[in-house]
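Novice: Below you'll find final.cif; it's mmCIF, C-alpha atoms and all ligand atoms.
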```cif
data_structure
loop_
_atom_site.label_atom_id
_atom_site.label_comp_id
_atom_site.auth_asym_id
_atom_site.auth_seq_id
_atom_site.Cartn_x
_atom_site.Cartn_y
_atom_site.Cartn_z
CA MET T 27 306.02 110.02 -4.79
CA SER T 28 303.77 109.08 -1.86
CA SER T 29 302.82 111.63 0.80
CA LEU T 30 305.08 109.94 3.31
CA GLN T 31 308.08 110.02 0.99
CA ALA T 32 307.47 113.71 0.43
CA GLN T 33 307.56 114.25 4.23
CA GLN T 34 310.78 112.31 4.50
CA GLY T 35 312.58 113.94 1.59
CA ASN T 36 314.34 111.44 -0.65
CA SER T 37 313.61 108.42 1.51
CA THR T 38 315.51 105.74 -0.36
CA GLN T 39 318.91 107.42 -0.56
CA GLU T 40 321.81 105.07 -0.03
CA ALA T 41 323.88 105.06 3.14
CA SER T 42 327.63 104.84 3.25
CA HIS T 43 328.85 101.49 4.59
CA GLN T 44 329.90 102.98 7.94
CA ASP T 45 326.43 104.31 8.79
CA THR T 46 324.09 102.50 11.14
CA GLN T 47 321.19 101.06 9.16
CA SER T 48 317.82 101.86 10.78
CA LEU T 49 315.40 98.94 10.65
CA ASN T 50 311.79 99.45 11.69
CA ILE T 51 309.30 96.60 12.02
CA LEU T 52 305.56 97.19 12.30
CA THR T 53 303.79 94.18 13.72
CA LEU T 54 301.00 93.05 16.04
CA PHE T 55 303.51 90.72 17.76
CA PRO T 56 306.70 92.61 18.66
CA ASP T 57 307.47 90.06 21.40
CA ALA T 58 307.80 87.35 18.77
CA VAL T 59 310.25 89.40 16.75
CA THR T 60 312.72 91.18 19.06
CA PRO T 61 314.27 88.21 20.97
CA TYR T 62 315.52 86.55 17.81
CA PHE T 63 317.53 89.59 16.76
CA ASN T 64 319.28 89.95 20.11
CA ILE T 65 321.23 86.72 19.58
CA GLY T 66 323.94 85.53 17.18
CA VAL T 67 324.90 87.45 14.09
CA THR T 68 322.11 90.03 14.35
CA GLY T 69 322.78 90.52 18.09
CA ARG T 70 326.38 91.33 17.20
CA ALA T 71 325.19 93.73 14.47
CA ILE T 72 323.06 95.56 17.07
CA ASP T 73 325.89 95.64 19.65
CA ARG T 74 328.26 97.06 17.05
CA LYS T 75 325.64 99.62 16.00
CA VAL T 76 325.70 98.34 12.43
CA ILE T 77 321.93 98.06 12.61
CA ASP T 78 319.46 99.78 14.88
CA LEU T 79 316.25 97.78 15.25
CA HIS T 80 312.96 99.31 16.35
CA CYS T 81 309.73 97.31 16.70
CA VAL T 82 306.33 99.01 16.81
CA ASN T 83 302.99 97.44 17.65
CA PHE T 84 300.53 99.19 15.35
CA ARG T 85 297.66 98.10 17.63
CA ASP T 86 298.83 100.98 19.86
CA TYR T 87 297.54 103.31 17.11
CA ALA T 88 294.03 101.79 16.92
CA GLU T 89 291.01 103.56 18.39
CA GLY T 90 288.30 102.35 20.78
CA ASN T 91 288.29 100.25 23.94
CA TYR T 92 289.18 97.04 22.12
CA LYS T 93 291.91 98.59 19.96
CA ALA T 94 290.62 96.53 17.01
CA VAL T 95 292.79 96.82 13.90
CA ASP T 96 290.82 94.50 11.60
CA ASP T 97 287.44 94.60 9.89
CA LEU T 98 285.34 92.59 7.42
CA PRO T 99 286.43 92.58 3.77
CA PHE T 100 284.43 94.69 1.30
CA GLY T 101 282.89 92.33 -1.24
CA GLY T 102 282.52 89.55 1.33
CA GLY T 103 284.56 86.42 1.77
CA ALA T 104 286.41 84.70 4.56
CA GLY T 105 288.74 86.32 7.05
CA MET T 106 289.42 89.81 8.25
CA VAL T 107 291.45 92.65 6.76
CA ILE T 108 293.74 94.99 8.71
CA GLN T 109 292.69 98.60 8.36
CA ALA T 110 295.14 101.02 6.75
CA GLU T 111 294.74 103.80 9.30
CA PRO T 112 296.41 102.29 12.42
CA VAL T 113 299.41 101.21 10.33
CA ALA T 114 299.57 104.64 8.66
CA ARG T 115 299.50 106.37 12.05
CA ALA T 116 302.31 104.15 13.33
CA LEU T 117 304.40 105.07 10.27
CA ASP T 118 303.66 108.79 10.64
CA ASP T 119 304.57 108.65 14.33
CA LEU T 120 307.93 107.07 13.54
CA VAL T 121 308.66 109.96 11.16
CA GLU T 122 307.49 112.52 13.73
CA LYS T 123 309.85 110.94 16.27
CA GLY T 124 312.71 111.51 13.84
CA ARG T 125 313.20 107.95 12.60
CA ASN T 126 314.12 107.45 9.00
CA LEU T 127 311.72 104.99 7.33
CA GLY T 128 313.87 104.56 4.22
CA THR T 129 312.49 101.93 1.86
CA VAL T 130 309.09 100.80 3.13
CA ILE T 131 308.54 97.09 2.53
CA MET T 132 305.24 95.22 2.81
CA MET T 133 305.52 91.50 3.57
CA ALA T 134 302.89 89.56 1.59
CA PRO T 135 302.65 86.30 -0.37
CA THR T 136 301.66 88.45 -3.38
CA GLY T 137 305.07 90.17 -3.45
CA LYS T 138 308.11 89.43 -5.58
CA VAL T 139 310.18 86.57 -4.20
CA PHE T 140 313.10 87.80 -2.06
CA THR T 141 316.54 86.79 -3.38
CA GLN T 142 320.17 87.22 -2.35
CA ALA T 143 320.44 90.01 -4.95
CA ASP T 144 317.67 91.88 -3.08
CA ALA T 145 319.51 91.29 0.22
CA GLU T 146 322.67 92.78 -1.30
CA ARG T 147 320.80 95.79 -2.70
CA LEU T 148 318.79 96.46 0.47
CA SER T 149 321.87 96.12 2.71
CA GLN T 150 323.12 99.36 1.09
CA LYS T 151 320.08 101.41 2.17
CA SER T 152 320.25 103.81 5.10
CA ALA T 153 316.91 102.61 6.48
CA LEU T 154 314.28 99.93 5.88
CA THR T 155 310.78 99.60 7.31
CA PHE T 156 309.00 96.25 7.28
CA ILE T 157 305.21 96.01 7.62
CA CYS T 158 303.93 92.63 8.78
CA GLY T 159 300.35 91.75 7.98
CA ARG T 160 298.14 89.13 9.66
CA TYR T 161 294.77 87.62 8.71
CA GLU T 162 293.96 88.30 5.03
CA GLY T 163 296.51 91.12 4.90
CA ILE T 164 296.33 94.92 5.08
CA ASP T 165 293.94 97.22 3.19
CA ALA T 166 295.55 97.60 -0.25
CA ARG T 167 295.32 101.40 -0.13
CA LEU T 168 298.15 101.52 2.40
CA ASN T 169 300.47 100.39 -0.39
CA ILE T 170 299.55 103.38 -2.57
CA GLU T 171 300.35 105.89 0.17
CA TYR T 172 303.34 104.35 1.94
CA VAL T 173 304.87 101.22 0.45
CA ASN T 174 307.88 101.12 -1.88
CA GLU T 175 308.27 97.35 -2.37
CA VAL T 176 306.23 94.20 -1.65
CA PHE T 177 308.14 91.00 -0.84
CA SER T 178 307.27 87.34 -0.38
CA ILE T 179 309.85 84.88 0.95
CA GLY T 180 308.47 81.96 -1.06
CA ASP T 181 305.46 80.29 -2.59
CA TYR T 182 303.71 79.26 0.61
CA ILE T 183 301.37 81.01 3.04
CA LEU T 184 302.59 81.94 6.51
CA SER T 185 300.33 83.00 9.39
CA GLY T 186 301.74 86.51 9.16
CA GLY T 187 304.56 88.62 7.80
CA GLU T 188 306.75 88.45 10.93
CA LEU T 189 308.78 85.36 10.02
CA ALA T 190 309.18 86.68 6.49
CA ALA T 191 310.48 90.06 7.71
CA MET T 192 312.83 88.26 10.10
CA VAL T 193 314.19 86.16 7.25
CA MET T 194 314.82 89.26 5.16
CA ILE T 195 316.43 91.23 8.00
CA ASP T 196 318.69 88.31 8.91
CA ALA T 197 319.85 87.93 5.29
CA ILE T 198 320.42 91.70 4.98
CA ALA T 199 322.14 92.36 8.34
CA ARG T 200 324.76 89.65 7.92
CA LEU T 201 325.95 91.33 4.71
CA LYS T 202 326.84 94.57 6.50
CA PRO T 203 330.58 95.08 6.91
CA GLY T 204 331.79 94.24 10.42
CA VAL T 205 328.98 91.80 11.20
CA LEU T 206 330.43 88.43 10.19
CA ASN T 207 333.77 87.58 11.77
CA ASN T 208 335.17 86.23 8.55
CA ALA T 209 333.99 88.57 5.80
CA GLU T 210 334.94 85.99 3.18
CA SER T 211 332.19 83.65 4.31
CA ALA T 212 329.52 86.13 3.15
CA THR T 213 331.17 86.62 -0.22
CA TYR T 214 331.58 83.07 -1.47
CA GLU T 215 328.50 81.30 -0.19
CA SER T 216 325.57 79.91 -2.15
CA HIS T 217 323.52 82.51 -4.05
CA SER T 218 326.01 85.38 -3.49
CA ALA T 219 326.85 87.46 -6.56
CA LYS T 220 330.54 86.54 -6.38
CA SER T 221 329.91 82.78 -6.32
CA GLY T 222 328.05 83.26 -9.61
CA ALA T 223 324.70 82.28 -8.04
CA LEU T 224 325.72 78.62 -7.85
CA LEU T 225 324.92 76.42 -4.86
CA GLU T 226 327.93 75.90 -2.62
CA HIS T 227 330.25 72.87 -2.62
CA PRO T 228 330.03 70.55 0.41
CA HIS T 229 332.09 71.31 3.54
CA TYR T 230 333.99 68.90 5.81
CA THR T 231 335.85 69.14 9.11
CA ARG T 232 337.60 66.72 11.49
CA PRO T 233 337.68 63.76 11.89
CA ALA T 234 339.00 62.83 8.42
CA THR T 235 336.96 59.61 8.59
CA TRP T 236 333.57 59.63 10.28
CA ARG T 237 331.47 56.44 10.54
CA GLY T 238 333.44 54.98 7.66
CA HIS T 239 333.03 58.02 5.37
CA SER T 240 336.30 59.65 4.36
CA VAL T 241 336.75 63.28 3.37
CA PRO T 242 337.46 63.60 -0.41
CA SER T 243 341.22 63.11 -0.69
CA VAL T 244 341.77 66.25 -2.79
CA LEU T 245 340.85 68.35 0.27
CA MET T 246 343.71 66.75 2.19
CA SER T 247 346.22 67.31 -0.66
CA GLY T 248 347.11 70.90 0.20
CA HIS T 249 347.02 71.58 -3.56
CA HIS T 250 345.15 74.89 -3.73
CA ALA T 251 344.43 74.91 -7.49
CA ARG T 252 343.08 71.34 -7.45
CA ILE T 253 340.94 72.11 -4.43
CA GLN T 254 339.47 75.14 -6.23
CA THR T 255 338.70 73.02 -9.32
CA TRP T 256 337.07 70.31 -7.18
CA ARG T 257 334.94 72.91 -5.36
CA ARG T 258 333.78 74.49 -8.62
CA GLU T 259 332.85 71.06 -10.04
CA GLU T 260 330.95 70.10 -6.90
CA SER T 261 329.07 73.44 -7.01
CA LEU T 262 328.13 72.85 -10.63
CA LYS T 263 327.07 69.24 -9.98
CA THR T 264 324.86 70.15 -7.00
CA THR T 265 323.34 73.09 -8.88
CA ALA T 266 322.69 70.94 -11.98
CA ARG T 267 320.92 68.30 -9.88
CA VAL T 268 319.00 70.48 -7.42
CA ARG T 269 318.47 73.88 -9.10
CA PRO T 270 319.21 73.50 -12.84
CA GLU T 271 317.49 76.82 -13.65
CA LEU T 272 320.29 78.68 -11.81
CA LEU T 273 322.77 77.55 -14.48
CA GLU T 274 321.01 79.49 -17.22
CA ASN T 275 322.84 82.76 -16.49
CA ILE T 276 326.26 81.33 -15.63
CA ASP T 277 329.37 81.50 -17.83
CA LEU T 278 330.60 77.93 -18.28
CA THR T 279 333.71 76.50 -19.93
CA PRO T 280 333.15 73.83 -22.65
CA GLU T 281 334.37 71.17 -20.13
CA GLU T 282 331.87 72.36 -17.54
CA ARG T 283 329.09 72.30 -20.13
CA SER T 284 329.79 68.70 -21.05
CA MET T 285 329.96 67.71 -17.35
CA ILE T 286 326.51 69.24 -16.83
CA GLU T 287 325.17 67.51 -19.95
CA GLN T 288 326.35 64.19 -18.48
CA ILE T 289 324.51 64.94 -15.24
CA ARG T 290 321.35 65.84 -17.21
CA ARG T 291 321.57 62.52 -19.05
CA GLY T 292 321.92 60.78 -15.66
CA GLU T 293 325.42 59.45 -16.41
N1 LIG T 301 302.77 86.52 4.69
C1 LIG T 301 302.17 85.32 4.56
N2 LIG T 301 302.88 84.50 3.78
C2 LIG T 301 303.98 85.20 3.38
C3 LIG T 301 305.09 84.91 2.56
N3 LIG T 301 305.23 83.71 1.95
N4 LIG T 301 306.01 85.86 2.37
C4 LIG T 301 305.86 87.08 2.95
N5 LIG T 301 304.86 87.41 3.74
C5 LIG T 301 303.90 86.49 3.96
#
```
Just give me the structure as structure tokens.
Ligand code: ADE
Specialist:
Amino acid sequence: MSSLQAQQGNSTQEASHQDTQSLNILTLFPDAVTPYFNIGVTGRAIDRKVIDLHCVNFRDYAEGNYKAVDDLPFGGGAGMVIQAEPVARALDDLVEKGRNLGTVIMMAPTGKVFTQADAERLSQKSALTFICGRYEGIDARLNIEYVNEVFSIGDYILSGGELAAMVMIDAIARLKPGVLNNAESATYESHSAKSGALLEHPHYTRPATWRGHSVPSVLMSGHHARIQTWRREESLKTTARVRPELLENIDLTPEERSMIEQIRRGE
């Protein structure tokens, strides 16, 4: 257990669904982060006290006139590295002010790739703290002392961890009960556990014919069972074409298997 976890007690205990989830973000650019969360689904989650968001600029914890947080990398090479100490002080101060840090997450391209399963797991935690690096990242020793998990949002390099943390928080917050107006829409969408990790079927709304393209007639039939079958087939077809690797862990009927084989053969 890290020193910070010891201070906090058992930091990663799970919250009950009714509790407000505390979300802390440590960044050099709080102004880039906060406005996004005040709108839409996350804005509603804040208004309803489902999440409580707190942004900290760790530059406020740097020393000296210039409040520099970065320095040259040991061993040489391009770019600058953020020092561990200002970030550590910002984390300690949050704890001293009575905020629960919960699971401390470092955003970095070297982390494990964030998935919907992670969003579902992390949405159950009482508190999460996201650390956003810039430049070449943060001194690796911070991870030993403070960090529970390291996450990347994909195999590309961003200018900093802010967008990545925002992506994660958005995906997590919308899973909290009472955030989406129609709770069903979080349960059966692409990548959710209940949809079996398939990509979703296409959606249509009025008009029934748009620029000469008609809505598939089965959707107008009112026949619930046939509509369900059509949606499952469309999900399987899209997944087989776009993300075939997702089908590896899915239970398929013999008919579904042969349909997917046909798609693989390009029929
Ligand atoms: N920082 C820079 N690139 C990133 C990525 N892909 N995911 C998370 N944090 C990052």
Novice: Select the residues contacting ligand LIG 301 (chain T) at a distance of at most 8 Å, based on only C-alpha atoms and all ligand atoms, then format the selection as a ChimeraX atom specification.
Specialist: /T:132-137,139,158-160,163,177-191
Novice: Figure out the distance between CA of Leu273 (chain T) and CA of His249 (chain T), please, to one decimal in Å.
Specialist: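 Separation between CA of His249 (chain T) and CA of Leu273 (chain T): 27.3 Å.
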Novice: Do you have the CA of Ile131 (chain T)-CA of Ile108 (chain T) distance handy?
Specialist: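 Distance reported for this atom pair: 16.2 Å.
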Novice: What does the structure give for the distance between CA of Thr60 (chain T) and CA of Val82 (chain T), in Å to one decimal?
Specialist: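 For CA of Thr60 (chain T) relative to CA of Val82 (chain T), the distance reads 10.4 Å.
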Novice: Mind listing as number ranges by chain all residues within 8 Å of (312.1, 107.0, 7.9), counting only C-alpha atoms?
Specialist: T: 34, 37, 120-121, 124-129, 153-155
Novice: Contacts of region 269-271 of chain T at 10 Å or less, counting only C-alpha atoms, minus same-chain residues fewer than 3 places along, as number ranges by chain?
Specialist: T: 224-225, 262-266, 274-275, 286, 290
Novice: Leaving out Arg115 (chain T) and any residue of its chain fewer than 6 positions from it, which residues lie within 10 Å of it when counting all atoms listed in the file, given as a PDB file with C-alpha atoms, in the frame of the given file?
Specialist:
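Listing of selection-v4.pdb after writing:
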```
ATOM      1  CA  PHE T  84     300.530  99.190  15.350  1.00  0.00           C
ATOM      2  CA  ASP T  86     298.830 100.980  19.860  1.00  0.00           C
ATOM      3  CA  TYR T  87     297.540 103.310  17.110  1.00  0.00           C
ATOM      4  CA  ALA T  88     294.030 101.790  16.920  1.00  0.00           C
ATOM      5  CA  VAL T 121     308.660 109.960  11.160  1.00  0.00           C
TER       6      VAL T 121
END
```
Novice: Env of region 166-169 of chain T: 9 Å cut, atoms = all atoms listed in the file, seq-sep filter 2 positions within chain, self excluded. Answer as a count of residues only.
Specialist: 14
Novice: Please return, as a ChimeraX atom specification, all polymer residues that have at least one atom within 12 Å of the point (322.5, 99.1, 2.4); use all atoms listed in the file and the file's own coordinate frame.
Specialist: /T:38-49,76-77,128-129,143-154,195,197-203
Novice: Measuring between all atoms listed in the file, which one of T:Glu259, T:Asp196, T:Glu226, T:Asp96 shows the shortest distance to Thr68 (chain T)?
Specialist: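 Residue with the minimum atom-to-atom distance to Thr68 (chain T): T:Asp196.
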Novice: Tyr230 (chain T): which residues within 12 Å, counting all atoms listed in the file, same-chain residues fewer than 3 positions away excluded, as a PDB file with C-alpha atoms, in the coordinates of the input?
Specialist:
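Everything below was put into part-v5.pdb:
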```pdb
ATOM      1  CA  HIS T 227     330.250  72.870  -2.620  1.00  0.00           C
ATOM      2  CA  PRO T 233     337.680  63.760  11.890  1.00  0.00           C
ATOM      3  CA  ALA T 234     339.000  62.830   8.420  1.00  0.00           C
ATOM      4  CA  THR T 235     336.960  59.610   8.590  1.00  0.00           C
ATOM      5  CA  TRP T 236     333.570  59.630  10.280  1.00  0.00           C
ATOM      6  CA  HIS T 239     333.030  58.020   5.370  1.00  0.00           C
ATOM      7  CA  SER T 240     336.300  59.650   4.360  1.00  0.00           C
ATOM      8  CA  VAL T 241     336.750  63.280   3.370  1.00  0.00           C
ATOM      9  CA  PRO T 242     337.460  63.600  -0.410  1.00  0.00           C
ATOM     10  CA  SER T 243     341.220  63.110  -0.690  1.00  0.00           C
ATOM     11  CA  VAL T 244     341.770  66.250  -2.790  1.00  0.00           C
ATOM     12  CA  LEU T 245     340.850  68.350   0.270  1.00  0.00           C
ATOM     13  CA  MET T 246     343.710  66.750   2.190  1.00  0.00           C
ATOM     14  CA  ARG T 257     334.940  72.910  -5.360  1.00  0.00           C
TER      15      ARG T 257
END
```
Novice: Which of these, T:Arg267, T:Asp73, T:Gly102, T:Thr279, has the shortest distance to Gly292 (chain T) once you count only C-alpha atoms?
Specialist: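 Closest residue, counting only C-alpha atoms: T:Arg267.
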Novice: Using the incomplete input, complete region 267-285 of chain T to the level of N, CA, C and O atoms; output as a PDB file, in the frame of the given file.
Specialist:
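Wrote out.pdb, looks like this:
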```pdb
ATOM      1  N   ARG T 267     321.895  69.292 -10.377  1.00  0.00           N
ATOM      2  CA  ARG T 267     320.920  68.300  -9.880  1.00  0.00           C
ATOM      3  C   ARG T 267     319.735  68.947  -9.184  1.00  0.00           C
ATOM      4  O   ARG T 267     318.599  68.546  -9.382  1.00  0.00           O
ATOM      5  N   VAL T 268     320.036  69.957  -8.336  1.00  0.00           N
ATOM      6  CA  VAL T 268     319.000  70.480  -7.420  1.00  0.00           C
ATOM      7  C   VAL T 268     318.284  71.693  -7.988  1.00  0.00           C
ATOM      8  O   VAL T 268     317.075  71.836  -7.838  1.00  0.00           O
ATOM      9  N   ARG T 269     319.055  72.615  -8.625  1.00  0.00           N
ATOM     10  CA  ARG T 269     318.470  73.880  -9.100  1.00  0.00           C
ATOM     11  C   ARG T 269     318.970  74.190 -10.515  1.00  0.00           C
ATOM     12  O   ARG T 269     319.644  75.195 -10.728  1.00  0.00           O
ATOM     13  N   PRO T 270     318.640  73.318 -11.489  1.00  0.00           N
ATOM     14  CA  PRO T 270     319.210  73.500 -12.840  1.00  0.00           C
ATOM     15  C   PRO T 270     318.937  74.874 -13.436  1.00  0.00           C
ATOM     16  O   PRO T 270     319.740  75.384 -14.224  1.00  0.00           O
ATOM     17  N   GLU T 271     317.826  75.518 -13.053  1.00  0.00           N
ATOM     18  CA  GLU T 271     317.490  76.820 -13.650  1.00  0.00           C
ATOM     19  C   GLU T 271     318.526  77.888 -13.300  1.00  0.00           C
ATOM     20  O   GLU T 271     318.681  78.878 -14.031  1.00  0.00           O
ATOM     21  N   LEU T 272     319.284  77.684 -12.194  1.00  0.00           N
ATOM     22  CA  LEU T 272     320.290  78.680 -11.810  1.00  0.00           C
ATOM     23  C   LEU T 272     321.467  78.705 -12.790  1.00  0.00           C
ATOM     24  O   LEU T 272     322.225  79.663 -12.833  1.00  0.00           O
ATOM     25  N   LEU T 273     321.627  77.625 -13.568  1.00  0.00           N
ATOM     26  CA  LEU T 273     322.770  77.550 -14.480  1.00  0.00           C
ATOM     27  C   LEU T 273     322.556  78.365 -15.754  1.00  0.00           C
ATOM     28  O   LEU T 273     323.492  78.605 -16.505  1.00  0.00           O
ATOM     29  N   GLU T 274     321.325  78.818 -15.952  1.00  0.00           N
ATOM     30  CA  GLU T 274     321.010  79.490 -17.220  1.00  0.00           C
ATOM     31  C   GLU T 274     321.824  80.767 -17.433  1.00  0.00           C
ATOM     32  O   GLU T 274     322.183  81.098 -18.549  1.00  0.00           O
ATOM     33  N   ASN T 275     322.129  81.483 -16.329  1.00  0.00           N
ATOM     34  CA  ASN T 275     322.840  82.760 -16.490  1.00  0.00           C
ATOM     35  C   ASN T 275     324.310  82.692 -16.082  1.00  0.00           C
ATOM     36  O   ASN T 275     324.912  83.706 -15.767  1.00  0.00           O
ATOM     37  N   ILE T 276     324.884  81.495 -16.096  1.00  0.00           N
ATOM     38  CA  ILE T 276     326.260  81.330 -15.630  1.00  0.00           C
ATOM     39  C   ILE T 276     327.189  81.112 -16.829  1.00  0.00           C
ATOM     40  O   ILE T 276     326.832  80.387 -17.747  1.00  0.00           O
ATOM     41  N   ASP T 277     328.358  81.750 -16.786  1.00  0.00           N
ATOM     42  CA  ASP T 277     329.370  81.500 -17.830  1.00  0.00           C
ATOM     43  C   ASP T 277     330.059  80.167 -17.534  1.00  0.00           C
ATOM     44  O   ASP T 277     330.618  79.993 -16.459  1.00  0.00           O
ATOM     45  N   LEU T 278     330.012  79.246 -18.493  1.00  0.00           N
ATOM     46  CA  LEU T 278     330.600  77.930 -18.280  1.00  0.00           C
ATOM     47  C   LEU T 278     331.661  77.644 -19.342  1.00  0.00           C
ATOM     48  O   LEU T 278     331.504  78.057 -20.493  1.00  0.00           O
ATOM     49  N   THR T 279     332.709  76.937 -18.953  1.00  0.00           N
ATOM     50  CA  THR T 279     333.710  76.500 -19.930  1.00  0.00           C
ATOM     51  C   THR T 279     333.102  75.320 -20.716  1.00  0.00           C
ATOM     52  O   THR T 279     332.152  74.677 -20.228  1.00  0.00           O
ATOM     53  N   PRO T 280     333.664  74.983 -21.903  1.00  0.00           N
ATOM     54  CA  PRO T 280     333.150  73.830 -22.650  1.00  0.00           C
ATOM     55  C   PRO T 280     333.192  72.545 -21.812  1.00  0.00           C
ATOM     56  O   PRO T 280     332.260  71.730 -21.872  1.00  0.00           O
ATOM     57  N   GLU T 281     334.259  72.376 -20.976  1.00  0.00           N
ATOM     58  CA  GLU T 281     334.370  71.170 -20.130  1.00  0.00           C
ATOM     59  C   GLU T 281     333.232  71.143 -19.105  1.00  0.00           C
ATOM     60  O   GLU T 281     332.622  70.093 -18.861  1.00  0.00           O
ATOM     61  N   GLU T 282     332.951  72.297 -18.538  1.00  0.00           N
ATOM     62  CA  GLU T 282     331.870  72.360 -17.540  1.00  0.00           C
ATOM     63  C   GLU T 282     330.531  72.047 -18.195  1.00  0.00           C
ATOM     64  O   GLU T 282     329.688  71.349 -17.628  1.00  0.00           O
ATOM     65  N   ARG T 283     330.340  72.569 -19.411  1.00  0.00           N
ATOM     66  CA  ARG T 283     329.090  72.300 -20.130  1.00  0.00           C
ATOM     67  C   ARG T 283     328.895  70.802 -20.356  1.00  0.00           C
ATOM     68  O   ARG T 283     327.807  70.262 -20.162  1.00  0.00           O
ATOM     69  N   SER T 284     329.974  70.120 -20.764  1.00  0.00           N
ATOM     70  CA  SER T 284     329.790  68.700 -21.050  1.00  0.00           C
ATOM     71  C   SER T 284     329.573  67.925 -19.744  1.00  0.00           C
ATOM     72  O   SER T 284     328.812  66.952 -19.729  1.00  0.00           O
ATOM     73  N   MET T 285     330.208  68.369 -18.646  1.00  0.00           N
ATOM     74  CA  MET T 285     329.960  67.710 -17.350  1.00  0.00           C
ATOM     75  C   MET T 285     328.470  67.827 -16.970  1.00  0.00           C
ATOM     76  O   MET T 285     327.839  66.862 -16.545  1.00  0.00           O
TER      77      MET T 285
END
```
